[in-house]
$ cat start-v6.txt   # compact mmCIF, C-alpha atoms and all ligand atoms
# COMPACT_ATOMS: atom_id res chain seq x y z
CA MET A 48 -2.74 75.53 -99.77
CA SER A 49 -4.31 72.65 -97.98
CA LEU A 50 -3.54 72.10 -94.32
CA LEU A 51 -1.15 69.21 -93.68
CA VAL A 52 -2.32 66.83 -91.02
CA LYS A 53 0.19 64.56 -89.31
CA ILE A 54 -0.73 61.76 -86.95
CA CYS A 55 2.36 60.80 -84.96
CA GLY A 56 3.35 57.84 -82.82
CA LEU A 57 1.45 55.20 -84.78
CA SER A 58 2.47 51.73 -83.71
CA THR A 59 -0.18 49.24 -84.84
CA PRO A 60 -1.38 48.25 -88.33
CA GLU A 61 -4.99 48.99 -87.33
CA THR A 62 -4.47 52.56 -86.14
CA LEU A 63 -2.12 53.27 -89.03
CA GLU A 64 -4.85 52.12 -91.42
CA THR A 65 -7.38 54.33 -89.66
CA ALA A 66 -5.11 57.37 -90.06
CA LEU A 67 -4.47 56.60 -93.74
CA GLU A 68 -8.13 55.99 -94.56
CA ALA A 69 -9.18 59.13 -92.71
CA GLY A 70 -6.83 61.13 -94.93
CA ALA A 71 -3.72 61.89 -92.87
CA ASP A 72 -1.07 63.58 -95.04
CA MET A 73 1.80 62.45 -92.84
CA VAL A 74 2.15 59.47 -90.55
CA GLY A 75 4.82 59.60 -87.87
CA PHE A 76 6.88 56.76 -86.43
CA VAL A 77 8.86 57.27 -83.24
CA PHE A 78 12.37 55.87 -82.93
CA PHE A 79 13.26 56.93 -79.40
CA PRO A 80 13.46 54.14 -76.80
CA PRO A 81 12.19 56.15 -73.77
CA SER A 82 8.94 56.92 -75.60
CA PRO A 83 5.81 54.80 -75.10
CA ARG A 84 5.45 55.02 -78.91
CA HIS A 85 8.95 53.73 -79.68
CA LEU A 86 9.14 51.28 -82.57
CA SER A 87 11.71 48.60 -83.24
CA LEU A 88 13.29 48.74 -86.69
CA GLU A 89 11.37 45.62 -87.69
CA ALA A 90 8.03 47.08 -86.61
CA GLY A 91 8.93 50.27 -88.51
CA ARG A 92 9.71 48.24 -91.61
CA GLU A 93 6.33 46.48 -91.49
CA LEU A 94 4.32 49.64 -90.84
CA GLY A 95 6.27 51.48 -93.51
CA ARG A 96 5.33 48.83 -96.09
CA GLN A 97 1.68 49.28 -95.18
CA VAL A 98 1.72 52.99 -96.06
CA LYS A 99 2.13 52.32 -99.82
CA ARG A 100 2.57 56.00 -100.68
CA ARG A 101 -0.83 56.96 -99.28
CA ALA A 102 0.85 59.48 -96.96
CA LEU A 103 4.35 60.76 -96.25
CA LYS A 104 6.28 58.60 -93.80
CA VAL A 105 7.94 60.66 -91.07
CA ALA A 106 10.70 59.22 -88.87
CA LEU A 107 10.90 60.96 -85.50
CA THR A 108 14.34 60.86 -83.90
CA VAL A 109 15.93 62.60 -80.92
CA ASP A 110 19.66 63.35 -81.19
CA ALA A 111 20.12 60.11 -83.11
CA ASP A 112 23.62 58.96 -84.07
CA ASP A 113 24.61 58.13 -87.63
CA ALA A 114 24.17 54.38 -87.24
CA THR A 115 20.61 54.85 -85.98
CA LEU A 116 19.77 57.15 -88.89
CA ASP A 117 21.21 54.64 -91.36
CA ASN A 118 19.20 51.81 -89.80
CA ILE A 119 15.99 53.84 -89.98
CA MET A 120 16.67 54.70 -93.62
CA ASP A 121 17.11 51.02 -94.36
CA ALA A 122 14.01 49.89 -92.45
CA LEU A 123 11.48 52.64 -93.13
CA SER A 124 12.87 54.70 -96.00
CA PRO A 125 11.13 57.77 -94.56
CA ASP A 126 10.07 60.67 -96.74
CA ILE A 127 10.99 63.13 -93.99
CA PHE A 128 13.06 63.07 -90.81
CA GLN A 129 11.59 64.90 -87.83
CA LEU A 130 14.50 65.97 -85.64
CA HIS A 131 13.09 66.42 -82.16
CA GLY A 132 16.28 66.77 -80.14
CA THR A 133 18.91 69.43 -79.54
CA GLU A 134 20.53 68.98 -82.95
CA SER A 135 22.72 72.00 -83.83
CA VAL A 136 22.64 73.69 -87.23
CA ALA A 137 25.91 71.91 -88.10
CA ARG A 138 24.45 68.53 -87.10
CA LEU A 139 21.35 69.30 -89.12
CA ARG A 140 23.52 69.93 -92.16
CA ASP A 141 25.35 66.61 -91.65
CA ILE A 142 22.09 64.70 -91.21
CA ARG A 143 20.53 66.36 -94.24
CA GLN A 144 23.51 65.29 -96.33
CA ARG A 145 23.70 61.79 -94.85
CA VAL A 146 20.05 60.82 -95.25
CA GLY A 147 19.37 62.73 -98.47
CA ARG A 148 15.80 63.36 -97.31
CA PRO A 149 14.04 66.54 -96.23
CA VAL A 150 14.31 67.34 -92.55
CA MET A 151 11.73 68.96 -90.31
CA LYS A 152 13.47 70.60 -87.34
CA VAL A 153 11.50 70.88 -84.16
CA VAL A 154 11.76 74.17 -82.32
CA PRO A 155 10.61 73.91 -78.70
CA VAL A 156 8.69 76.98 -77.61
CA ALA A 157 8.06 78.45 -74.18
CA THR A 158 8.89 82.13 -74.73
CA SER A 159 9.54 84.41 -77.70
CA ALA A 160 13.31 84.02 -77.08
CA ASP A 161 12.99 80.43 -78.33
CA LEU A 162 12.37 81.74 -81.85
CA ALA A 163 15.91 83.21 -82.08
CA VAL A 164 17.20 79.88 -83.46
CA LEU A 165 15.03 80.09 -86.57
CA PRO A 166 17.42 81.83 -89.01
CA GLY A 167 20.09 79.15 -88.51
CA TYR A 168 17.76 76.20 -88.91
CA ALA A 169 15.94 77.83 -91.81
CA GLU A 170 19.11 77.60 -93.90
CA ILE A 171 19.03 73.80 -93.83
CA ALA A 172 15.60 72.47 -92.84
CA GLU A 173 12.76 72.09 -95.33
CA ARG A 174 10.17 72.65 -92.63
CA ILE A 175 9.90 73.76 -89.01
CA LEU A 176 7.68 72.16 -86.38
CA PHE A 177 6.89 74.28 -83.34
CA ASP A 178 6.23 72.17 -80.25
CA ALA A 179 5.78 72.98 -76.59
CA ARG A 180 9.10 73.05 -74.72
CA ALA A 181 9.18 70.05 -72.38
CA PRO A 182 9.85 70.57 -68.67
CA LYS A 183 13.51 70.04 -67.67
CA ASP A 184 12.75 66.80 -65.83
CA ALA A 185 10.67 65.27 -68.65
CA THR A 186 11.68 61.82 -69.89
CA ARG A 187 11.14 62.89 -73.49
CA PRO A 188 11.22 66.22 -75.33
CA GLY A 189 7.73 65.87 -76.83
CA GLY A 190 4.63 63.74 -76.95
CA LEU A 191 3.53 65.07 -73.57
CA GLY A 192 0.14 66.45 -74.54
CA ALA A 193 1.05 69.98 -73.42
CA PRO A 194 0.36 73.08 -75.53
CA PHE A 195 2.40 76.30 -75.70
CA ASP A 196 1.16 79.85 -76.06
CA TRP A 197 0.22 79.92 -79.76
CA HIS A 198 0.15 83.72 -79.71
CA LEU A 199 3.97 83.64 -79.63
CA LEU A 200 3.72 82.73 -83.33
CA GLY A 201 1.12 85.40 -84.01
CA ASN A 202 3.52 87.78 -85.81
CA LEU A 203 5.84 85.15 -87.18
CA GLU A 204 7.23 85.74 -90.65
CA LEU A 205 9.01 82.63 -91.83
CA ALA A 206 9.90 81.83 -95.41
CA LEU A 207 9.76 78.10 -94.64
CA PRO A 208 6.59 76.07 -94.23
CA TYR A 209 5.83 75.37 -90.60
CA MET A 210 3.61 73.12 -88.54
CA VAL A 211 2.45 73.28 -84.97
CA SER A 212 2.13 70.59 -82.31
CA GLY A 213 1.87 70.16 -78.56
CA GLY A 214 -1.34 69.27 -76.80
CA LEU A 215 -3.49 69.46 -79.92
CA SER A 216 -6.82 67.65 -80.03
CA ALA A 217 -10.04 67.72 -82.04
CA ASP A 218 -11.28 70.38 -79.63
CA ASN A 219 -8.50 72.94 -80.02
CA VAL A 220 -6.95 72.31 -83.43
CA ALA A 221 -9.08 74.94 -85.20
CA GLU A 222 -8.04 77.63 -82.73
CA ALA A 223 -4.37 76.61 -83.03
CA VAL A 224 -4.52 77.00 -86.82
CA ARG A 225 -6.36 80.30 -86.58
CA VAL A 226 -3.85 81.84 -84.15
CA THR A 227 -0.61 80.45 -85.60
CA ARG A 228 -1.54 80.43 -89.32
CA ALA A 229 0.44 77.18 -89.50
CA GLY A 230 0.39 75.19 -92.70
CA GLY A 231 0.18 71.94 -90.81
CA VAL A 232 -0.75 70.32 -87.52
CA ASP A 233 0.73 67.35 -85.70
CA VAL A 234 -0.83 65.30 -82.91
CA SER A 235 0.05 62.32 -80.78
CA SER A 236 -1.37 62.36 -77.21
CA GLY A 237 -4.58 64.06 -78.32
CA VAL A 238 -5.64 60.98 -80.28
CA GLU A 239 -4.82 58.45 -77.54
CA SER A 240 -6.81 56.81 -74.76
CA ALA A 241 -3.57 56.26 -72.76
CA PRO A 242 0.12 57.08 -73.49
CA GLY A 243 1.03 55.14 -76.63
CA VAL A 244 -2.47 53.76 -77.21
CA LYS A 245 -4.04 55.37 -80.27
CA ASP A 246 -7.83 55.59 -80.45
CA PRO A 247 -9.31 55.19 -83.96
CA GLU A 248 -12.32 57.41 -83.22
CA MET A 249 -10.08 60.17 -81.85
CA ILE A 250 -7.86 59.96 -84.94
CA LYS A 251 -10.89 60.37 -87.22
CA ALA A 252 -12.30 63.21 -85.12
CA PHE A 253 -8.97 65.04 -85.16
CA ILE A 254 -8.62 64.82 -88.93
CA ARG A 255 -12.25 65.94 -89.40
CA ALA A 256 -11.74 68.91 -87.07
CA ALA A 257 -8.50 69.93 -88.77
CA ARG A 258 -10.12 69.81 -92.21
CA ALA A 259 -13.17 71.72 -90.97
CA SER A 260 -10.93 74.45 -89.55
CA GLN A 261 -9.50 74.98 -92.97
CA ASP A 262 -12.89 75.06 -94.67
CA ALA A 263 -13.98 77.69 -92.13
CA SER A 264 -10.93 79.89 -92.74
CA GLN A 265 -11.36 79.65 -96.53
CA GLU A 266 -14.98 80.66 -96.17
CA LEU A 267 -13.93 83.72 -94.17
CA SER A 268 -11.33 84.75 -96.76
CA VAL A 269 -13.81 84.80 -99.68
CA ARG A 270 -16.32 86.94 -97.78
O1 LIG B 1 5.54 60.98 -79.12
C1 LIG B 1 6.55 60.87 -78.41
O2 LIG B 1 6.62 60.02 -77.53
C2 LIG B 1 7.69 61.79 -78.62
C3 LIG B 1 8.90 61.45 -78.06
C4 LIG B 1 9.98 62.29 -78.22
C5 LIG B 1 9.87 63.45 -78.96
C6 LIG B 1 8.65 63.80 -79.52
C7 LIG B 1 7.55 62.99 -79.37
N1 LIG B 1 6.32 63.31 -79.94
C8 LIG B 1 6.04 64.49 -80.67
O3 LIG B 1 5.76 65.57 -79.79
C9 LIG B 1 4.84 66.46 -80.41
C10 LIG B 1 3.69 66.77 -79.50
O4 LIG B 1 2.99 65.63 -79.17
P1 LIG B 1 1.59 65.67 -78.37
O5 LIG B 1 0.51 65.75 -79.40
O6 LIG B 1 1.61 66.83 -77.44
O7 LIG B 1 1.56 64.38 -77.65
C11 LIG B 1 4.43 65.83 -81.71
O8 LIG B 1 5.21 66.42 -82.72
C12 LIG B 1 4.83 64.41 -81.58
O9 LIG B 1 5.22 63.95 -82.83
$ encode --input "start-v6.txt" --output "structure tokens" --more "lines below"
Ligand SMILES: O=C(O)c1ccccc1N[C@@H]1O[C@H](COP(=O)(O)O)[C@@H](O)[C@H]1O
Amino acid sequence: MSLLVKICGLSTPETLETALEAGADMVGFVFFPPSPRHLSLEAGRELGRQVKRRALKVALTVDADDATLDNIMDALSPDIFQLHGTESVARLRDIRQRVGRPVMKVVPVATSADLAVLPGYAEIAERILFDARAPKDATRPGGLGAPFDWHLLGNLELALPYMVSGGLSADNVAEAVRVTRAGGVDVSSGVESAPGVKDPEMIKAFIRAARASQDASQELSVR
């Protein structure tokens, strides 16, 4: 299966176009006011129109209430919701039913104990995204450019598809895929020149490096 590449936190037509033309499978839009990548509903609507089915549109939310989810559905009509907060399994079930779209639950990782939540989420979510656990005093639960210890996923057996994020860049994405055996990768800070400012060359380099990592692992498996 081909590696899914998600570029998250896109906020301008130009960088969105770069990600789409470079072959991103998923493009992420952040709806979380404290984030430097936060989008208004109107900006989300415009960027969403630009995608024209060339990639899956992912709406990133953090403990969003029902009204916010409804507004995002109306503006962006996302293909997937990325739930990046402390949503419980029960809340996940409600959201899944309310939006009628697949959900990708983020599991923050710092130690192996963080993986204990997986069986509950796996009943509802279509996909899991493992991200570095943010420090307690962080202003947001992700998008901080910090990696976690990928070896914690080394022996993971999960029936669901999963992706990995947290401090990825063109330089380390191949190693992250090799260690975690993730089916997808997600990046935000690692393709930016400053928080919230996406860099077209870094986006292209990341997608190239992610694709090359897969070619390399396929080569190894036929030897
Ligand atoms: O991007 C943000 O600002 C953000 C805000 C709140 C929750 C998650 C956020 N981003 C996601 O965090 C991970 C890791 O990002 P990074 O590459 O380390 O910057 C990724 O899934 C982003 O989508």
$ residues_around --input "start-v6.txt" --residues "segment 217-220 of chain A" --least-positions-apart "4" --cutoff "10 Å" --atoms "all atoms listed in the file" --output "PyMOL selection string"
chain A and resi 194+211-212+224-225+232-234+237-238+249-260
$ write_last_selection --input "start-v6.txt" --atoms "C-alpha atoms" --output "PDB file, keeping the file's coordinate frame"
ATOM      1  CA  PRO A 194       0.360  73.080 -75.530  1.00  0.00           C
ATOM      2  CA  VAL A 211       2.450  73.280 -84.970  1.00  0.00           C
ATOM      3  CA  SER A 212       2.130  70.590 -82.310  1.00  0.00           C
ATOM      4  CA  VAL A 224      -4.520  77.000 -86.820  1.00  0.00           C
ATOM      5  CA  ARG A 225      -6.360  80.300 -86.580  1.00  0.00           C
ATOM      6  CA  VAL A 232      -0.750  70.320 -87.520  1.00  0.00           C
ATOM      7  CA  ASP A 233       0.730  67.350 -85.700  1.00  0.00           C
ATOM      8  CA  VAL A 234      -0.830  65.300 -82.910  1.00  0.00           C
ATOM      9  CA  GLY A 237      -4.580  64.060 -78.320  1.00  0.00           C
ATOM     10  CA  VAL A 238      -5.640  60.980 -80.280  1.00  0.00           C
ATOM     11  CA  MET A 249     -10.080  60.170 -81.850  1.00  0.00           C
ATOM     12  CA  ILE A 250      -7.860  59.960 -84.940  1.00  0.00           C
ATOM     13  CA  LYS A 251     -10.890  60.370 -87.220  1.00  0.00           C
ATOM     14  CA  ALA A 252     -12.300  63.210 -85.120  1.00  0.00           C
ATOM     15  CA  PHE A 253      -8.970  65.040 -85.160  1.00  0.00           C
ATOM     16  CA  ILE A 254      -8.620  64.820 -88.930  1.00  0.00           C
ATOM     17  CA  ARG A 255     -12.250  65.940 -89.400  1.00  0.00           C
ATOM     18  CA  ALA A 256     -11.740  68.910 -87.070  1.00  0.00           C
ATOM     19  CA  ALA A 257      -8.500  69.930 -88.770  1.00  0.00           C
ATOM     20  CA  ARG A 258     -10.120  69.810 -92.210  1.00  0.00           C
ATOM     21  CA  ALA A 259     -13.170  71.720 -90.970  1.00  0.00           C
ATOM     22  CA  SER A 260     -10.930  74.450 -89.550  1.00  0.00           C
TER      23      SER A 260
END
$ closest_atom_pairs --input "start-v6.txt" --of "segment 105-154 of chain A" --to "segment 168-174 of chain A" --cutoff "8 Å" --atoms "only C-alpha atoms" --output "CSV"
residue,atom,partner,partner_atom,distance
A:Val136,CA,A:Tyr168,CA,5.7
A:Leu139,CA,A:Ile171,CA,6.9
A:Arg140,CA,A:Ile171,CA,6.2
A:Arg143,CA,A:Ile171,CA,7.6
A:Pro149,CA,A:Glu173,CA,5.8
A:Val150,CA,A:Ala172,CA,5.3
A:Met151,CA,A:Arg174,CA,4.6
A:Lys152,CA,A:Ala172,CA,6.2
$ atom_distance --input "start-v6.txt" --atom1 "atom CA of Thr186 of chain A" --atom2 "atom CA of Ser58 of chain A"
19.4 Å
$ residues_near_ligand --input "start-v6.txt" --ligand "ligand LIG 1 (chain B)" --cutoff "7 Å" --atoms "all atoms listed in the file" --output "list in words"
Cys55, Gly56, Gly75, Val77, Phe79, Ser82, Pro83, Arg84, Leu107, Val109, His131, Asp178, Arg187, Pro188, Gly189, Gly190, Leu191, Gly192, Ala193, Pro194, Ser212, Gly213, Gly214, Leu215, Asp233, Val234, Ser235, Ser236 and Gly237 of chain A
$ write_last_selection --input "start-v6.txt" --atoms "C-alpha atoms" --output "JSON list (two decimals), keeping the file's coordinate frame"
[["chain", "number", "residue", "atom", "x", "y", "z"],
["A", 55, "CYS", "CA", 2.36, 60.80, -84.96],
["A", 56, "GLY", "CA", 3.35, 57.84, -82.82],
["A", 75, "GLY", "CA", 4.82, 59.60, -87.87],
["A", 77, "VAL", "CA", 8.86, 57.27, -83.24],
["A", 79, "PHE", "CA", 13.26, 56.93, -79.40],
["A", 82, "SER", "CA", 8.94, 56.92, -75.60],
["A", 83, "PRO", "CA", 5.81, 54.80, -75.10],
["A", 84, "ARG", "CA", 5.45, 55.02, -78.91],
["A", 107, "LEU", "CA", 10.90, 60.96, -85.50],
["A", 109, "VAL", "CA", 15.93, 62.60, -80.92],
["A", 131, "HIS", "CA", 13.09, 66.42, -82.16],
["A", 178, "ASP", "CA", 6.23, 72.17, -80.25],
["A", 187, "ARG", "CA", 11.14, 62.89, -73.49],
["A", 188, "PRO", "CA", 11.22, 66.22, -75.33],
["A", 189, "GLY", "CA", 7.73, 65.87, -76.83],
["A", 190, "GLY", "CA", 4.63, 63.74, -76.95],
["A", 191, "LEU", "CA", 3.53, 65.07, -73.57],
["A", 192, "GLY", "CA", 0.14, 66.45, -74.54],
["A", 193, "ALA", "CA", 1.05, 69.98, -73.42],
["A", 194, "PRO", "CA", 0.36, 73.08, -75.53],
["A", 212, "SER", "CA", 2.13, 70.59, -82.31],
["A", 213, "GLY", "CA", 1.87, 70.16, -78.56],
["A", 214, "GLY", "CA", -1.34, 69.27, -76.80],
["A", 215, "LEU", "CA", -3.49, 69.46, -79.92],
["A", 233, "ASP", "CA", 0.73, 67.35, -85.70],
["A", 234, "VAL", "CA", -0.83, 65.30, -82.91],
["A", 235, "SER", "CA", 0.05, 62.32, -80.78],
["A", 236, "SER", "CA", -1.37, 62.36, -77.21],
["A", 237, "GLY", "CA", -4.58, 64.06, -78.32]]
$ residues_around --input "start-v6.txt" --residues "Ser49 of chain A" --least-positions-apart "3" --cutoff "9 Å" --atoms "only C-alpha atoms" --output "ChimeraX atom specification"
/A:230-231,258,261
$ atom_distance --input "start-v6.txt" --atom1 "atom CA of Tyr209 of chain A" --atom2 "atom CA of Leu165 of chain A"
11.1 Å
$ residues_around --input "start-v6.txt" --residues "Gly95 of chain A" --least-positions-apart "6" --cutoff "9 Å" --atoms "all atoms listed in the file" --output "number ranges by chain"
A: 76, 104, 122-125
$ residues_around --input "start-v6.txt" --residues "Gly201 of chain A" --least-positions-apart "3" --cutoff "10 Å" --atoms "only C-alpha atoms" --output "tab-separated table (two decimals) with C-alpha atoms, keeping the file's coordinate frame"
chain	number	residue	atom	x	y	z
A	196	ASP	CA	1.16	79.85	-76.06
A	197	TRP	CA	0.22	79.92	-79.76
A	198	HIS	CA	0.15	83.72	-79.71
A	204	GLU	CA	7.23	85.74	-90.65
A	225	ARG	CA	-6.36	80.30	-86.58
A	226	VAL	CA	-3.85	81.84	-84.15
A	227	THR	CA	-0.61	80.45	-85.60
A	228	ARG	CA	-1.54	80.43	-89.32
A	229	ALA	CA	0.44	77.18	-89.50
$ atom_distance --input "start-v6.txt" --atom1 "atom CA of Leu116 of chain A" --atom2 "atom CA of Leu63 of chain A"
22.2 Å
$ residues_around --input "start-v6.txt" --residues "Gly70 of chain A" --least-positions-apart "4" --cutoff "9 Å" --atoms "all atoms listed in the file" --output "PDB file with C-alpha atoms, in the frame of the given file"
ATOM      1  CA  VAL A  52      -2.320  66.830 -91.020  1.00  0.00           C
ATOM      2  CA  THR A  65      -7.380  54.330 -89.660  1.00  0.00           C
ATOM      3  CA  ALA A  66      -5.110  57.370 -90.060  1.00  0.00           C
ATOM      4  CA  ARG A 101      -0.830  56.960 -99.280  1.00  0.00           C
ATOM      5  CA  ALA A 102       0.850  59.480 -96.960  1.00  0.00           C
ATOM      6  CA  LYS A 251     -10.890  60.370 -87.220  1.00  0.00           C
ATOM      7  CA  ILE A 254      -8.620  64.820 -88.930  1.00  0.00           C
TER       8      ILE A 254
END
$ closest_residue --input "start-v6.txt" --among "A:Ser240, A:Asp110, A:Lys53, A:Thr59" --to "Ile127 of chain A" --atoms "all atoms listed in the file"
A:Lys53
$ closest_residue --input "start-v6.txt" --among "A:Glu248, A:Asp161, A:Glu93, A:Asp112" --to "Leu199 of chain A" --atoms "all atoms listed in the file"
A:Asp161
$ closest_residue --input "start-v6.txt" --among "A:Ala157, A:Leu86, A:Ile54, A:Leu203" --to "Asp72 of chain A" --atoms "only C-alpha atoms"
A:Ile54
$ build_atoms --input "start-v6.txt" --residues "segment 147-174 of chain A" --atoms "N, CA and C atoms" --output "PDB file, in the frame of the given file"
ATOM      1  N   GLY A 147      19.862  62.334 -97.139  1.00  0.00           N
ATOM      2  CA  GLY A 147      19.370  62.730 -98.470  1.00  0.00           C
ATOM      3  C   GLY A 147      17.860  62.871 -98.520  1.00  0.00           C
ATOM      4  N   ARG A 148      17.258  63.149 -97.392  1.00  0.00           N
ATOM      5  CA  ARG A 148      15.800  63.360 -97.310  1.00  0.00           C
ATOM      6  C   ARG A 148      15.536  64.704 -96.644  1.00  0.00           C
ATOM      7  N   PRO A 149      14.368  65.284 -96.909  1.00  0.00           N
ATOM      8  CA  PRO A 149      14.040  66.540 -96.230  1.00  0.00           C
ATOM      9  C   PRO A 149      14.007  66.344 -94.712  1.00  0.00           C
ATOM     10  N   VAL A 150      14.384  67.401 -94.011  1.00  0.00           N
ATOM     11  CA  VAL A 150      14.310  67.340 -92.550  1.00  0.00           C
ATOM     12  C   VAL A 150      13.367  68.423 -92.030  1.00  0.00           C
ATOM     13  N   MET A 151      12.634  68.029 -90.996  1.00  0.00           N
ATOM     14  CA  MET A 151      11.730  68.960 -90.310  1.00  0.00           C
ATOM     15  C   MET A 151      12.339  69.154 -88.918  1.00  0.00           C
ATOM     16  N   LYS A 152      12.852  70.354 -88.657  1.00  0.00           N
ATOM     17  CA  LYS A 152      13.470  70.600 -87.340  1.00  0.00           C
ATOM     18  C   LYS A 152      12.418  71.083 -86.361  1.00  0.00           C
ATOM     19  N   VAL A 153      12.427  70.469 -85.219  1.00  0.00           N
ATOM     20  CA  VAL A 153      11.500  70.880 -84.160  1.00  0.00           C
ATOM     21  C   VAL A 153      12.117  72.009 -83.356  1.00  0.00           C
ATOM     22  N   VAL A 154      11.341  73.045 -83.160  1.00  0.00           N
ATOM     23  CA  VAL A 154      11.760  74.170 -82.320  1.00  0.00           C
ATOM     24  C   VAL A 154      10.849  74.175 -81.087  1.00  0.00           C
ATOM     25  N   PRO A 155      11.427  73.894 -79.918  1.00  0.00           N
ATOM     26  CA  PRO A 155      10.610  73.910 -78.700  1.00  0.00           C
ATOM     27  C   PRO A 155      10.324  75.346 -78.260  1.00  0.00           C
ATOM     28  N   VAL A 156       9.085  75.599 -77.906  1.00  0.00           N
ATOM     29  CA  VAL A 156       8.690  76.980 -77.610  1.00  0.00           C
ATOM     30  C   VAL A 156       8.105  77.098 -76.206  1.00  0.00           C
ATOM     31  N   ALA A 157       8.663  78.054 -75.460  1.00  0.00           N
ATOM     32  CA  ALA A 157       8.060  78.450 -74.180  1.00  0.00           C
ATOM     33  C   ALA A 157       7.933  79.966 -74.118  1.00  0.00           C
ATOM     34  N   THR A 158       8.931  80.662 -74.695  1.00  0.00           N
ATOM     35  CA  THR A 158       8.890  82.130 -74.730  1.00  0.00           C
ATOM     36  C   THR A 158       9.326  82.586 -76.118  1.00  0.00           C
ATOM     37  N   SER A 159       9.181  83.894 -76.370  1.00  0.00           N
ATOM     38  CA  SER A 159       9.540  84.410 -77.700  1.00  0.00           C
ATOM     39  C   SER A 159      11.048  84.244 -77.958  1.00  0.00           C
ATOM     40  N   ALA A 160      11.856  84.178 -76.901  1.00  0.00           N
ATOM     41  CA  ALA A 160      13.310  84.020 -77.080  1.00  0.00           C
ATOM     42  C   ALA A 160      13.625  82.698 -77.796  1.00  0.00           C
ATOM     43  N   ASP A 161      12.744  81.730 -77.693  1.00  0.00           N
ATOM     44  CA  ASP A 161      12.990  80.430 -78.330  1.00  0.00           C
ATOM     45  C   ASP A 161      12.987  80.521 -79.857  1.00  0.00           C
ATOM     46  N   LEU A 162      12.460  81.616 -80.384  1.00  0.00           N
ATOM     47  CA  LEU A 162      12.370  81.740 -81.850  1.00  0.00           C
ATOM     48  C   LEU A 162      13.677  82.261 -82.453  1.00  0.00           C
ATOM     49  N   ALA A 163      14.637  82.642 -81.597  1.00  0.00           N
ATOM     50  CA  ALA A 163      15.910  83.210 -82.080  1.00  0.00           C
ATOM     51  C   ALA A 163      16.704  82.192 -82.912  1.00  0.00           C
ATOM     52  N   VAL A 164      16.438  80.912 -82.736  1.00  0.00           N
ATOM     53  CA  VAL A 164      17.200  79.880 -83.460  1.00  0.00           C
ATOM     54  C   VAL A 164      16.740  79.736 -84.918  1.00  0.00           C
ATOM     55  N   LEU A 165      15.635  80.365 -85.254  1.00  0.00           N
ATOM     56  CA  LEU A 165      15.030  80.090 -86.570  1.00  0.00           C
ATOM     57  C   LEU A 165      15.936  80.402 -87.766  1.00  0.00           C
ATOM     58  N   PRO A 166      16.628  81.558 -87.816  1.00  0.00           N
ATOM     59  CA  PRO A 166      17.420  81.830 -89.010  1.00  0.00           C
ATOM     60  C   PRO A 166      18.448  80.744 -89.325  1.00  0.00           C
ATOM     61  N   GLY A 167      19.097  80.207 -88.301  1.00  0.00           N
ATOM     62  CA  GLY A 167      20.090  79.150 -88.510  1.00  0.00           C
ATOM     63  C   GLY A 167      19.467  77.890 -89.079  1.00  0.00           C
ATOM     64  N   TYR A 168      18.414  77.430 -88.445  1.00  0.00           N
ATOM     65  CA  TYR A 168      17.760  76.200 -88.910  1.00  0.00           C
ATOM     66  C   TYR A 168      17.137  76.391 -90.297  1.00  0.00           C
ATOM     67  N   ALA A 169      16.643  77.590 -90.541  1.00  0.00           N
ATOM     68  CA  ALA A 169      15.940  77.830 -91.810  1.00  0.00           C
ATOM     69  C   ALA A 169      16.858  77.686 -93.014  1.00  0.00           C
ATOM     70  N   GLU A 170      18.167  77.769 -92.768  1.00  0.00           N
ATOM     71  CA  GLU A 170      19.110  77.600 -93.900  1.00  0.00           C
ATOM     72  C   GLU A 170      19.156  76.155 -94.376  1.00  0.00           C
ATOM     73  N   ILE A 171      18.847  75.223 -93.502  1.00  0.00           N
ATOM     74  CA  ILE A 171      19.030  73.800 -93.830  1.00  0.00           C
ATOM     75  C   ILE A 171      17.702  73.042 -93.919  1.00  0.00           C
ATOM     76  N   ALA A 172      16.824  73.284 -92.940  1.00  0.00           N
ATOM     77  CA  ALA A 172      15.600  72.470 -92.840  1.00  0.00           C
ATOM     78  C   ALA A 172      14.619  72.836 -93.952  1.00  0.00           C
ATOM     79  N   GLU A 173      13.817  71.851 -94.341  1.00  0.00           N
ATOM     80  CA  GLU A 173      12.760  72.090 -95.330  1.00  0.00           C
ATOM     81  C   GLU A 173      11.499  72.617 -94.656  1.00  0.00           C
ATOM     82  N   ARG A 174      11.399  72.326 -93.355  1.00  0.00           N
ATOM     83  CA  ARG A 174      10.170  72.650 -92.630  1.00  0.00           C
ATOM     84  C   ARG A 174      10.508  72.777 -91.147  1.00  0.00           C
TER      85      ARG A 174
END
